[in-house]
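As provided, entry38.tsv (TSV, C-alpha atoms) reads as follows.
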```tsv
chain	number	residue	atom	x	y	z
W	2	MET	CA	-44.15	16.44	-18.23
W	3	VAL	CA	-43.71	20.12	-18.87
W	4	GLU	CA	-42.47	20.87	-22.34
W	5	GLY	CA	-40.05	23.68	-22.90
W	6	MET	CA	-36.81	22.42	-24.26
W	7	GLN	CA	-35.47	19.09	-25.43
W	8	ILE	CA	-32.61	17.29	-23.73
W	9	GLN	CA	-31.26	13.76	-23.96
W	10	VAL	CA	-31.23	11.59	-20.85
W	11	ASN	CA	-29.50	8.20	-21.01
W	12	GLY	CA	-29.79	8.28	-24.76
W	13	GLU	CA	-33.49	9.18	-24.85
W	14	ARG	CA	-34.94	12.52	-25.83
W	15	ARG	CA	-37.25	14.13	-23.34
W	16	GLY	CA	-38.86	17.43	-22.66
W	17	CYS	CA	-37.65	19.59	-19.84
W	18	ARG	CA	-38.85	22.84	-18.27
W	19	VAL	CA	-36.75	25.86	-19.16
W	20	GLY	CA	-34.63	26.84	-16.21
W	21	SER	CA	-34.54	23.41	-14.57
W	22	THR	CA	-31.39	22.03	-12.99
W	23	VAL	CA	-29.85	18.57	-12.91
W	24	GLY	CA	-31.28	18.24	-9.40
W	25	ASP	CA	-34.78	19.02	-10.72
W	26	LEU	CA	-34.39	16.35	-13.41
W	27	LEU	CA	-33.31	13.72	-10.88
W	28	ARG	CA	-36.26	14.52	-8.63
W	29	GLU	CA	-38.62	14.39	-11.58
W	30	LEU	CA	-37.25	10.95	-12.48
W	31	GLU	CA	-37.48	9.90	-8.81
W	32	ILE	CA	-33.85	8.94	-8.73
W	33	ASN	CA	-32.17	8.70	-5.36
W	34	THR	CA	-28.95	10.65	-5.76
W	35	GLU	CA	-27.14	8.68	-3.10
W	36	ARG	CA	-25.33	6.28	-5.40
W	37	VAL	CA	-25.56	7.76	-8.83
W	38	ALA	CA	-23.07	9.51	-11.04
W	39	VAL	CA	-24.24	12.18	-13.44
W	40	GLU	CA	-22.48	13.23	-16.58
W	41	LEU	CA	-23.58	16.45	-18.26
W	42	ASN	CA	-22.22	16.74	-21.81
W	43	LEU	CA	-19.40	14.34	-20.84
W	44	GLU	CA	-18.50	16.31	-17.71
W	45	ILE	CA	-18.89	14.33	-14.50
W	46	LEU	CA	-20.70	16.44	-11.94
W	47	ASP	CA	-20.03	16.73	-8.26
W	48	ARG	CA	-23.10	15.63	-6.32
W	49	LYS	CA	-23.25	18.89	-4.44
W	50	ASP	CA	-23.59	20.79	-7.72
W	51	PHE	CA	-26.71	18.97	-8.96
W	52	ASP	CA	-28.98	21.82	-7.85
W	53	GLN	CA	-26.70	24.49	-9.27
W	54	ARG	CA	-26.19	23.08	-12.73
W	55	GLY	CA	-28.82	24.37	-15.10
W	56	LEU	CA	-29.92	22.47	-18.17
W	57	LYS	CA	-30.14	23.94	-21.63
W	58	GLU	CA	-31.56	22.86	-24.97
W	59	GLY	CA	-29.76	19.86	-26.45
W	60	ASP	CA	-27.90	18.89	-23.26
W	61	ARG	CA	-26.89	15.27	-22.97
W	62	VAL	CA	-27.28	13.82	-19.51
W	63	GLU	CA	-26.09	10.37	-18.45
W	64	ILE	CA	-27.25	8.97	-15.11
W	65	LEU	CA	-25.38	5.88	-13.96
W	66	SER	CA	-25.32	3.60	-10.97
W	67	PHE	CA	-23.97	0.26	-9.82
W	68	ILE	CA	-25.32	-3.03	-11.05
W	69	GLY	CA	-24.28	-6.63	-10.60
W	70	GLY	CA	-21.06	-7.38	-12.41
W	71	GLY	CA	-17.94	-9.42	-12.41
W	72	GLY	CA	-16.68	-9.65	-15.94
W	73	PRO	CA	-17.09	-7.58	-19.07
W	74	ARG	CA	-20.09	-9.41	-20.52
W	75	GLU	CA	-22.31	-8.68	-17.60
W	76	GLY	CA	-24.69	-5.81	-17.22
W	77	ASP	CA	-27.58	-4.65	-19.26
W	78	GLY	CA	-25.57	-4.11	-22.39
W	79	GLU	CA	-27.02	-0.67	-23.10
W	80	MET	CA	-23.85	1.18	-22.34
W	81	GLU	CA	-21.83	-1.38	-24.25
W	82	ALA	CA	-23.85	-0.69	-27.34
W	83	CYS	CA	-23.08	2.96	-26.79
W	84	ILE	CA	-19.36	2.25	-26.55
W	85	TYR	CA	-19.29	0.29	-29.77
W	86	ALA	CA	-21.17	3.04	-31.56
W	87	ARG	CA	-18.66	5.71	-30.68
E	17	MET	CA	-7.36	-16.44	10.74
E	18	HIS	CA	-7.48	-13.01	12.31
E	19	ASP	CA	-3.70	-12.71	12.25
E	20	ASP	CA	-3.70	-13.43	8.54
E	21	ARG	CA	-5.44	-10.43	7.07
E	22	LEU	CA	-4.92	-9.15	3.61
E	23	VAL	CA	-3.85	-5.51	3.46
E	24	ILE	CA	-3.87	-3.50	0.24
E	25	ALA	CA	-3.05	0.21	0.17
E	26	GLY	CA	-3.61	0.39	3.93
E	27	ARG	CA	-7.03	-1.23	3.70
E	28	GLU	CA	-7.68	-4.44	5.55
E	29	PHE	CA	-9.66	-7.21	3.93
E	30	LYS	CA	-11.20	-9.92	6.05
E	31	SER	CA	-11.84	-12.40	3.30
E	32	ARG	CA	-9.46	-13.81	0.72
E	33	LEU	CA	-12.39	-14.76	-1.46
E	34	TRP	CA	-13.70	-11.85	-3.50
E	35	VAL	CA	-16.83	-12.26	-5.55
E	36	GLY	CA	-18.55	-10.66	-8.50
E	37	THR	CA	-22.26	-9.88	-8.38
E	38	GLY	CA	-23.28	-10.57	-11.98
E	39	LYS	CA	-25.22	-13.42	-13.56
E	40	TYR	CA	-27.34	-14.41	-10.57
E	41	LYS	CA	-31.01	-15.30	-10.95
E	42	ASP	CA	-32.08	-12.36	-8.79
E	43	PHE	CA	-30.81	-10.06	-6.06
E	44	ALA	CA	-31.98	-12.40	-3.31
E	45	GLU	CA	-29.79	-15.16	-4.71
E	46	THR	CA	-26.88	-12.74	-5.14
E	47	LYS	CA	-27.20	-11.69	-1.52
E	48	LYS	CA	-27.47	-15.21	-0.18
E	49	ALA	CA	-24.52	-16.53	-2.21
E	50	ILE	CA	-22.31	-13.66	-1.08
E	51	GLU	CA	-23.30	-14.15	2.55
E	52	VAL	CA	-22.54	-17.85	2.40
E	53	SER	CA	-19.21	-17.26	0.61
E	54	GLY	CA	-18.03	-15.08	3.47
E	55	ALA	CA	-16.57	-12.61	0.98
E	56	ASP	CA	-16.23	-9.02	2.12
E	57	VAL	CA	-15.26	-7.62	-1.27
E	58	VAL	CA	-17.85	-7.56	-4.02
E	59	THR	CA	-17.35	-6.24	-7.51
E	60	VAL	CA	-20.01	-4.20	-9.27
E	61	ALA	CA	-20.33	-2.66	-12.71
E	62	VAL	CA	-21.36	0.88	-13.60
E	63	ARG	CA	-24.30	1.18	-15.97
E	64	ARG	CA	-27.08	3.52	-16.96
E	65	VAL	CA	-29.93	3.83	-14.49
E	66	ASN	CA	-33.19	2.59	-15.93
E	67	ILE	CA	-35.13	5.85	-16.13
E	68	THR	CA	-38.27	4.42	-17.70
E	69	ASP	CA	-38.93	1.78	-15.05
E	70	ARG	CA	-38.07	3.15	-11.62
E	71	SER	CA	-39.69	0.18	-9.90
E	72	LYS	CA	-36.56	-1.84	-10.65
E	73	GLU	CA	-34.65	-2.69	-7.53
E	74	ASN	CA	-31.11	-1.61	-6.91
E	75	LEU	CA	-28.34	-4.08	-6.16
E	76	LEU	CA	-27.01	-1.92	-3.36
E	77	ASP	CA	-30.34	-2.21	-1.57
E	78	TYR	CA	-29.32	-5.82	-1.06
E	79	LEU	CA	-25.62	-5.33	-0.36
E	80	ASP	CA	-24.98	-3.06	2.57
E	81	PRO	CA	-21.94	-0.91	1.70
E	82	LYS	CA	-21.16	-0.81	5.41
E	83	LYS	CA	-20.83	-4.56	5.45
E	84	TYR	CA	-19.07	-5.07	2.12
E	85	ILE	CA	-16.24	-3.34	0.34
E	86	ILE	CA	-17.81	-2.39	-2.97
E	87	LEU	CA	-15.26	-2.66	-5.74
E	88	PRO	CA	-16.48	-1.05	-8.96
E	89	ASN	CA	-15.02	-2.42	-12.17
E	90	THR	CA	-14.60	-0.96	-15.62
E	91	ALA	CA	-16.03	-4.08	-17.24
E	92	GLY	CA	-17.01	-3.70	-20.86
E	93	CYS	CA	-14.41	-1.02	-21.57
E	94	TYR	CA	-12.27	-1.62	-24.64
E	95	THR	CA	-10.36	1.64	-24.71
E	96	VAL	CA	-8.24	3.63	-22.26
E	97	GLU	CA	-10.67	6.52	-22.65
E	98	ASP	CA	-13.70	4.43	-21.69
E	99	ALA	CA	-11.98	2.71	-18.78
E	100	VAL	CA	-10.90	6.05	-17.34
E	101	ARG	CA	-14.40	7.47	-17.87
E	102	TYR	CA	-16.07	4.57	-16.09
E	103	ALA	CA	-13.60	4.68	-13.21
E	104	ARG	CA	-14.33	8.37	-12.72
E	105	LEU	CA	-18.07	7.70	-12.87
E	106	ALA	CA	-17.71	4.94	-10.29
E	107	ARG	CA	-15.91	7.31	-7.96
E	108	ALA	CA	-18.50	10.02	-8.55
E	109	ALA	CA	-21.25	7.54	-7.66
E	110	GLY	CA	-19.65	7.66	-4.31
E	111	VAL	CA	-18.22	4.46	-2.97
E	112	SER	CA	-14.46	4.99	-2.77
E	113	ASP	CA	-11.25	5.49	-4.72
E	114	LEU	CA	-10.96	1.76	-5.30
E	115	VAL	CA	-11.38	0.53	-8.85
E	116	LYS	CA	-10.88	-2.82	-10.48
E	117	LEU	CA	-9.45	-1.62	-13.76
E	118	GLU	CA	-10.25	-3.59	-16.87
E	119	VAL	CA	-9.26	-2.61	-20.38
E	120	ILE	CA	-10.45	-5.45	-22.54
E	121	GLY	CA	-8.56	-6.25	-25.70
E	122	ASP	CA	-10.75	-8.69	-27.50
E	123	GLU	CA	-14.39	-9.72	-27.37
E	124	LYS	CA	-13.85	-13.42	-27.88
E	125	THR	CA	-11.22	-14.04	-25.22
E	126	LEU	CA	-11.87	-10.98	-23.05
E	127	PHE	CA	-8.14	-10.94	-22.49
E	128	PRO	CA	-6.83	-7.65	-21.14
E	129	ASP	CA	-5.26	-5.09	-23.45
E	130	THR	CA	-2.21	-4.75	-21.25
E	131	ALA	CA	-0.75	-1.74	-23.07
E	132	GLY	CA	-4.06	0.09	-22.59
E	133	LEU	CA	-4.26	-1.15	-19.02
E	134	ILE	CA	-0.91	0.38	-18.08
E	135	GLU	CA	-1.83	3.65	-19.76
E	136	ALA	CA	-5.22	3.86	-18.03
E	137	ALA	CA	-3.68	2.87	-14.68
E	138	LYS	CA	-1.14	5.71	-14.95
E	139	ILE	CA	-3.90	8.27	-15.54
E	140	LEU	CA	-6.07	7.01	-12.67
E	141	ILE	CA	-3.24	6.66	-10.17
E	142	LYS	CA	-2.31	10.29	-10.88
E	143	GLU	CA	-5.92	11.17	-9.99
E	144	GLY	CA	-5.68	9.39	-6.66
E	145	PHE	CA	-7.41	6.13	-7.52
E	146	ILE	CA	-6.41	2.87	-5.88
E	147	VAL	CA	-6.07	0.83	-9.04
E	148	LEU	CA	-6.42	-2.94	-8.87
E	149	PRO	CA	-5.67	-4.02	-12.43
E	150	TYR	CA	-7.18	-7.07	-14.11
E	151	THR	CA	-4.20	-8.32	-16.09
E	152	ASN	CA	-2.82	-11.22	-18.02
E	153	ASP	CA	-0.66	-13.90	-16.41
E	154	ASP	CA	2.36	-11.99	-17.66
E	155	PRO	CA	5.06	-11.28	-15.05
E	156	ILE	CA	6.55	-8.38	-17.01
E	157	VAL	CA	3.23	-6.57	-17.23
E	158	ALA	CA	2.60	-7.28	-13.54
E	159	LYS	CA	5.93	-5.69	-12.69
E	160	LYS	CA	5.18	-2.63	-14.84
E	161	LEU	CA	1.81	-2.21	-13.12
E	162	VAL	CA	3.43	-2.34	-9.71
E	163	ASP	CA	6.18	0.05	-10.81
E	164	ILE	CA	3.63	2.70	-11.78
E	165	GLY	CA	1.85	2.39	-8.43
E	166	CYS	CA	-0.72	-0.39	-8.43
E	167	PRO	CA	-0.92	-1.72	-4.84
E	168	ALA	CA	-1.96	-5.20	-6.04
E	169	VAL	CA	-2.28	-7.05	-9.32
E	170	MET	CA	-5.07	-9.29	-10.50
E	171	PRO	CA	-3.79	-11.79	-13.04
E	172	LEU	CA	-6.25	-14.12	-14.71
E	173	ALA	CA	-6.20	-17.89	-14.25
E	174	ALA	CA	-8.02	-18.40	-17.56
E	175	PRO	CA	-10.46	-16.38	-19.71
E	176	ILE	CA	-13.33	-14.76	-17.83
E	177	GLY	CA	-16.24	-17.14	-17.37
E	178	SER	CA	-14.36	-20.03	-19.01
E	179	GLY	CA	-14.04	-22.18	-15.89
E	180	LEU	CA	-10.80	-23.61	-17.27
E	181	GLY	CA	-8.91	-23.23	-14.02
E	182	ILE	CA	-5.29	-22.15	-13.77
E	183	ARG	CA	-3.87	-22.44	-17.29
E	184	ASN	CA	-0.38	-21.30	-16.46
E	185	PRO	CA	0.54	-21.95	-12.84
E	186	TYR	CA	4.22	-21.35	-13.56
E	187	ASN	CA	3.58	-17.82	-14.80
E	188	LEU	CA	1.46	-17.11	-11.73
E	189	LYS	CA	4.31	-18.43	-9.59
E	190	ILE	CA	6.77	-16.17	-11.38
E	191	ILE	CA	4.44	-13.19	-10.86
E	192	MET	CA	4.28	-14.00	-7.15
E	193	GLU	CA	8.05	-14.08	-6.98
E	194	THR	CA	8.52	-11.01	-9.16
E	195	VAL	CA	6.26	-8.50	-7.46
E	196	LYS	CA	6.01	-7.81	-3.78
E	197	VAL	CA	2.38	-6.74	-3.70
E	198	PRO	CA	-0.71	-8.88	-3.10
E	199	ILE	CA	-1.74	-11.07	-6.03
E	200	ILE	CA	-5.44	-11.65	-6.53
E	201	VAL	CA	-6.11	-14.40	-9.03
E	202	ASP	CA	-9.05	-13.12	-11.03
E	203	ALA	CA	-11.14	-14.99	-13.59
E	204	GLY	CA	-11.16	-18.51	-14.95
E	205	VAL	CA	-11.86	-20.47	-11.77
E	206	GLY	CA	-14.25	-23.34	-12.50
E	207	THR	CA	-14.63	-25.21	-9.26
E	208	ALA	CA	-13.39	-25.35	-5.67
E	209	SER	CA	-10.12	-27.15	-6.39
E	210	ASP	CA	-9.10	-24.37	-8.80
E	211	ALA	CA	-9.51	-21.81	-6.03
E	212	ALA	CA	-7.66	-24.00	-3.54
E	213	LEU	CA	-4.80	-24.45	-6.01
E	214	ALA	CA	-4.51	-20.72	-6.61
E	215	MET	CA	-4.20	-20.18	-2.88
E	216	GLU	CA	-1.76	-23.07	-2.47
E	217	TYR	CA	0.47	-21.51	-5.11
E	218	GLY	CA	0.61	-18.44	-2.91
E	219	ALA	CA	-2.09	-16.13	-4.26
E	220	ASP	CA	-3.24	-13.63	-1.65
E	221	ALA	CA	-6.87	-13.82	-2.74
E	222	VAL	CA	-9.11	-15.17	-5.48
E	223	LEU	CA	-11.86	-13.28	-7.28
E	224	MET	CA	-14.63	-15.14	-9.03
E	225	ASN	CA	-18.14	-14.66	-10.32
E	226	THR	CA	-19.28	-17.21	-12.87
E	227	ALA	CA	-17.93	-20.22	-10.96
E	228	ILE	CA	-20.44	-19.46	-8.22
E	229	ALA	CA	-23.27	-17.73	-10.07
E	230	GLY	CA	-23.23	-20.25	-12.92
E	231	ALA	CA	-23.12	-23.39	-10.75
E	232	GLN	CA	-26.18	-25.65	-10.62
E	233	ASP	CA	-26.53	-24.62	-6.99
E	234	PRO	CA	-24.84	-21.24	-6.54
E	235	ILE	CA	-25.36	-21.14	-2.78
E	236	ALA	CA	-23.71	-24.54	-2.25
E	237	MET	CA	-20.85	-23.55	-4.56
E	238	ALA	CA	-20.38	-20.30	-2.65
E	239	GLU	CA	-19.86	-22.39	0.49
E	240	ALA	CA	-17.48	-24.75	-1.31
E	241	MET	CA	-15.42	-21.77	-2.49
E	242	LYS	CA	-15.24	-20.36	1.00
E	243	TYR	CA	-13.69	-23.59	2.30
E	244	ALA	CA	-11.47	-24.02	-0.76
E	245	VAL	CA	-9.91	-20.60	-0.39
E	246	HIS	CA	-9.49	-21.11	3.34
E	247	ALA	CA	-7.98	-24.59	2.92
E	248	GLY	CA	-5.66	-23.43	0.15
E	249	ARG	CA	-4.43	-20.55	2.25
E	250	LEU	CA	-3.81	-22.78	5.27
E	251	ALA	CA	-1.95	-25.31	3.13
E	252	TYR	CA	0.19	-22.56	1.62
E	253	LYS	CA	1.10	-21.27	5.05
E	254	ALA	CA	1.68	-24.77	6.39
E	255	GLY	CA	4.16	-25.48	3.60
E	256	ARG	CA	3.62	-28.56	1.49
E	257	ILE	CA	6.02	-31.51	1.29
E	258	PRO	CA	8.28	-31.68	-1.73
E	259	ARG	CA	7.24	-33.95	-4.60
E	260	LYS	CA	9.32	-37.10	-4.83
E	261	LEU	CA	9.28	-39.79	-7.47
E	262	TYR	CA	9.56	-42.75	-5.08
E	263	ALA	CA	7.87	-43.77	-1.87
E	264	THR	CA	8.98	-42.91	1.64
E	265	ALA	CA	7.52	-45.22	4.26
E	266	SER	CA	5.42	-43.56	6.93
E	267	SER	CA	5.57	-46.50	9.36
E	268	PRO	CA	8.90	-47.41	10.99
E	269	ILE	CA	10.72	-50.58	9.98
E	270	GLU	CA	12.04	-51.10	13.54
E	271	GLY	CA	10.10	-53.59	15.64
E	272	MET	CA	9.00	-55.63	12.66
E	273	LEU	CA	9.17	-59.43	12.95
```

Full structure transcribed into structure tokens:
Amino acid sequence: MVEGMQIQVNGERRGCRVGSTVGDLLRELEINTERVAVELNLEILDRKDFDQRGLKEGDRVEILSFIGGGGPREGDGEMEACIYAR
Amino acid sequence: MHDDRLVIAGREFKSRLWVGTGKYKDFAETKKAIEVSGADVVTVAVRRVNITDRSKENLLDYLDPKKYIILPNTAGCYTVEDAVRYARLARAAGVSDLVKLEVIGDEKTLFPDTAGLIEAAKILIKEGFIVLPYTNDDPIVAKKLVDIGCPAVMPLAAPIGSGLGIRNPYNLKIIMETVKVPIIVDAGVGTASDAALAMEYGADAVLMNTAIAGAQDPIAMAEAMKYAVHAGRLAYKAGRIPRKLYATASSPIEGML
């Protein structure tokens, strides 16, 4: 991982090359963009903008996708913990 | 029953059994149970991608979005703000404008916060979402949801995952008579007869998760639910006989010795 600046991805701090875009981050994480939603500092991004949106120090990125679910208790609970904390 | 298709907001649904995808042992079991159930609508939740372990499989690798209508929910959302945020994320993740809207009011009962539900539905409908609201068995709330533009309502039979069956059939009946949109009974089904009853009362569809996923044999229960929903629908359409206190002989008296 190339250090340069610090960002937060899904609640975890990580280093990121200066000048990289959301698209670069997704490729680095090997995430197929087909069925993901990306939030950059609470703004939901359009998929076609992933390669245009640059990242800067302290940015908070959330990458979400679909998981099995029916009712509110299901899921991995991570995001729920986040909701309660806010 | 090809002439008996469910249509919501111009979309045609083949199956009147809708199923959730949570709580299964693994994706293979999820896939098999859904196949056996014959459901063409499956609900999914929106959650963070695991970025540390990319080897984890994705649910949608098992459920072909061309074969199933993927219905994202806002499960786990306790505020209008969160429900709206999750609905927008679900749409951004790229399936459709459909959302099963949940605004949960209380952790213990998981009953809907109906005031929050109406507020969130208004916001999302304005943004072009097709909002299918998970609501209480309250006819007044159901009417309000329809009035603001929900093309169907999803009243609960009993608390989510409780398996208690239909706790208030009379309220469900009143909802069915009050609103002129499809009613999908959502949550609380415990076994096949509960699903059949919901359909016999006149529900347009039934959505369940735990009743199948939590059964001793989920695949067998998925099959039972398929027949229950089908039988209940047929019985509803056939029109049951009225209940009477006393007997009416089936065999004629004439010709007796």

Using only C-alpha atoms, what table do you get, as CSV, when you list each residue of chain E with an atom no more than 6 Å from chain W, its nearest pair of atoms, and their distance in Å rounded to one decimal, rows by chain then rising number?
```
residue,atom,partner,partner_atom,distance
E:Gly36,CA,W:Gly71,CA,4.1
E:Thr37,CA,W:Gly69,CA,4.4
E:Gly38,CA,W:Gly70,CA,3.9
E:Thr59,CA,W:Gly71,CA,5.9
E:Val60,CA,W:Gly70,CA,4.6
E:Ala61,CA,W:Gly70,CA,4.8
E:Val62,CA,W:Phe67,CA,4.6
E:Arg63,CA,W:Leu65,CA,5.2
E:Arg64,CA,W:Leu65,CA,4.2
E:Val65,CA,W:Leu65,CA,5.0
E:Leu75,CA,W:Ile68,CA,5.8
E:Ala91,CA,W:Pro73,CA,4.1
E:Gly92,CA,W:Pro73,CA,4.3
E:Leu105,CA,W:Ala38,CA,5.6
E:Ala108,CA,W:Ala38,CA,5.2
E:Ala109,CA,W:Ala38,CA,4.3
E:Gly110,CA,W:Arg36,CA,5.9
E:Asn225,CA,W:Gly71,CA,5.6
```

Quiz prompt | Residue neighbourhood range 25-34 of chain E, 7 Å, all atoms listed in the file, exclusion window fewer than 6 positions, as JSON, numbers by chain | solution = {"E": [54, 55, 56, 57, 58, 167, 220, 221, 222, 223, 224, 242, 245]}

Q: Name the residues, using the chain letters and numbers of the file, that sit within 12 Å of (-0.8, -2.4, -19.4) when counting only C-alpha atoms, and give them as JSON, numbers by chain.
A: {"E": [95, 96, 117, 118, 119, 120, 121, 127, 128, 129, 130, 131, 132, 133, 134, 135, 136, 137, 138, 139, 148, 149, 150, 151, 152, 153, 154, 155, 156, 157, 158, 159, 160, 161, 162, 163, 164, 166, 169, 171]}

Discussion item. Env of Gly5 in chain W: 12 Å cut, atoms = all atoms listed in the file, seq-sep filter 4 positions within chain, self excluded. Answer as a count of residues only.
Written reply: 11

ask   = Hey, which of E:Ala231, E:Ala168, E:Ala208, E:Leu213 ends up closest to Pro185 in chain E? Count only C-alpha atoms.
value =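 Answer, going by the shortest atom-to-atom distance: E:Leu213.
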
What separation in Å, quoted to one decimal, exists between CA of Lys142 in chain E and CA of Asp202 in chain E?
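Distance reported for this atom pair: 24.4 Å.
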
- So, counting all atoms listed in the file, which residue among E:Ala211, E:Ile67, E:Ile85, E:Val115 is closest to Val62 in chain W?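 Ranking E:Ala211, E:Ile67, E:Ile85, E:Val115 by distance to Val62 in chain W, first place goes to E:Ile67.
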
Q: Have a look at CA of Val147 in chain E and CA of Leu114 in chain E and let me know their distance in Å, one decimal.
A: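 Going from CA of Val147 in chain E over to CA of Leu114 in chain E covers 6.2 Å.
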
Within 12 Å of (4.8, -16.2, -7.7), in the coordinates the file gives, what residues turn up when you count all atoms listed in the file, written out as a PyMOL selection string?
chain E and resi 153-155+158-159+169+171+184-201+214-220

Just how far from CA of Lys47 in chain E is CA of Ala238 in chain E, in Å to one decimal?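 Here the two named atoms are 11.0 Å from each other.
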
As a PDB file, in the frame of the given file, could you write out range 30-48 of chain W once it has been completed with N, CA and C atoms?
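Below you can see rebuild-v9.pdb, which holds the result:
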```
ATOM      1  N   LEU W  30     -37.394  12.359 -12.109  1.00  0.00           N
ATOM      2  CA  LEU W  30     -37.250  10.950 -12.480  1.00  0.00           C
ATOM      3  C   LEU W  30     -37.308  10.028 -11.257  1.00  0.00           C
ATOM      4  N   GLU W  31     -37.450  10.644 -10.084  1.00  0.00           N
ATOM      5  CA  GLU W  31     -37.480   9.900  -8.810  1.00  0.00           C
ATOM      6  C   GLU W  31     -36.246   9.046  -8.622  1.00  0.00           C
ATOM      7  N   ILE W  32     -35.111   9.655  -8.892  1.00  0.00           N
ATOM      8  CA  ILE W  32     -33.850   8.940  -8.730  1.00  0.00           C
ATOM      9  C   ILE W  32     -33.166   9.401  -7.441  1.00  0.00           C
ATOM     10  N   ASN W  33     -32.888   8.441  -6.594  1.00  0.00           N
ATOM     11  CA  ASN W  33     -32.170   8.700  -5.360  1.00  0.00           C
ATOM     12  C   ASN W  33     -30.724   9.031  -5.720  1.00  0.00           C
ATOM     13  N   THR W  34     -30.278  10.199  -5.324  1.00  0.00           N
ATOM     14  CA  THR W  34     -28.950  10.650  -5.760  1.00  0.00           C
ATOM     15  C   THR W  34     -27.803  10.019  -4.964  1.00  0.00           C
ATOM     16  N   GLU W  35     -28.160   9.217  -3.993  1.00  0.00           N
ATOM     17  CA  GLU W  35     -27.140   8.680  -3.100  1.00  0.00           C
ATOM     18  C   GLU W  35     -26.010   7.928  -3.803  1.00  0.00           C
ATOM     19  N   ARG W  36     -26.367   7.058  -4.734  1.00  0.00           N
ATOM     20  CA  ARG W  36     -25.330   6.280  -5.400  1.00  0.00           C
ATOM     21  C   ARG W  36     -25.395   6.391  -6.918  1.00  0.00           C
ATOM     22  N   VAL W  37     -25.581   7.590  -7.382  1.00  0.00           N
ATOM     23  CA  VAL W  37     -25.560   7.760  -8.830  1.00  0.00           C
ATOM     24  C   VAL W  37     -24.452   8.733  -9.226  1.00  0.00           C
ATOM     25  N   ALA W  38     -24.012   8.568 -10.452  1.00  0.00           N
ATOM     26  CA  ALA W  38     -23.070   9.510 -11.040  1.00  0.00           C
ATOM     27  C   ALA W  38     -23.805  10.173 -12.195  1.00  0.00           C
ATOM     28  N   VAL W  39     -23.586  11.458 -12.343  1.00  0.00           N
ATOM     29  CA  VAL W  39     -24.240  12.180 -13.440  1.00  0.00           C
ATOM     30  C   VAL W  39     -23.191  12.844 -14.311  1.00  0.00           C
ATOM     31  N   GLU W  40     -23.354  12.610 -15.595  1.00  0.00           N
ATOM     32  CA  GLU W  40     -22.480  13.230 -16.580  1.00  0.00           C
ATOM     33  C   GLU W  40     -23.320  14.212 -17.382  1.00  0.00           C
ATOM     34  N   LEU W  41     -22.868  15.448 -17.457  1.00  0.00           N
ATOM     35  CA  LEU W  41     -23.580  16.450 -18.260  1.00  0.00           C
ATOM     36  C   LEU W  41     -22.654  16.833 -19.415  1.00  0.00           C
ATOM     37  N   ASN W  42     -23.063  16.499 -20.617  1.00  0.00           N
ATOM     38  CA  ASN W  42     -22.220  16.740 -21.810  1.00  0.00           C
ATOM     39  C   ASN W  42     -20.782  16.257 -21.575  1.00  0.00           C
ATOM     40  N   LEU W  43     -20.674  15.033 -21.086  1.00  0.00           N
ATOM     41  CA  LEU W  43     -19.400  14.340 -20.840  1.00  0.00           C
ATOM     42  C   LEU W  43     -18.621  14.849 -19.620  1.00  0.00           C
ATOM     43  N   GLU W  44     -19.171  15.839 -18.923  1.00  0.00           N
ATOM     44  CA  GLU W  44     -18.500  16.310 -17.710  1.00  0.00           C
ATOM     45  C   GLU W  44     -19.154  15.639 -16.502  1.00  0.00           C
ATOM     46  N   ILE W  45     -18.337  14.985 -15.684  1.00  0.00           N
ATOM     47  CA  ILE W  45     -18.890  14.330 -14.500  1.00  0.00           C
ATOM     48  C   ILE W  45     -19.133  15.387 -13.423  1.00  0.00           C
ATOM     49  N   LEU W  46     -20.342  15.413 -12.913  1.00  0.00           N
ATOM     50  CA  LEU W  46     -20.700  16.440 -11.940  1.00  0.00           C
ATOM     51  C   LEU W  46     -20.464  15.996 -10.504  1.00  0.00           C
ATOM     52  N   ASP W  47     -20.141  16.954  -9.692  1.00  0.00           N
ATOM     53  CA  ASP W  47     -20.030  16.730  -8.260  1.00  0.00           C
ATOM     54  C   ASP W  47     -21.467  16.707  -7.722  1.00  0.00           C
ATOM     55  N   ARG W  48     -21.733  15.777  -6.823  1.00  0.00           N
ATOM     56  CA  ARG W  48     -23.100  15.630  -6.320  1.00  0.00           C
ATOM     57  C   ARG W  48     -23.653  16.928  -5.724  1.00  0.00           C
TER      58      ARG W  48
END
```
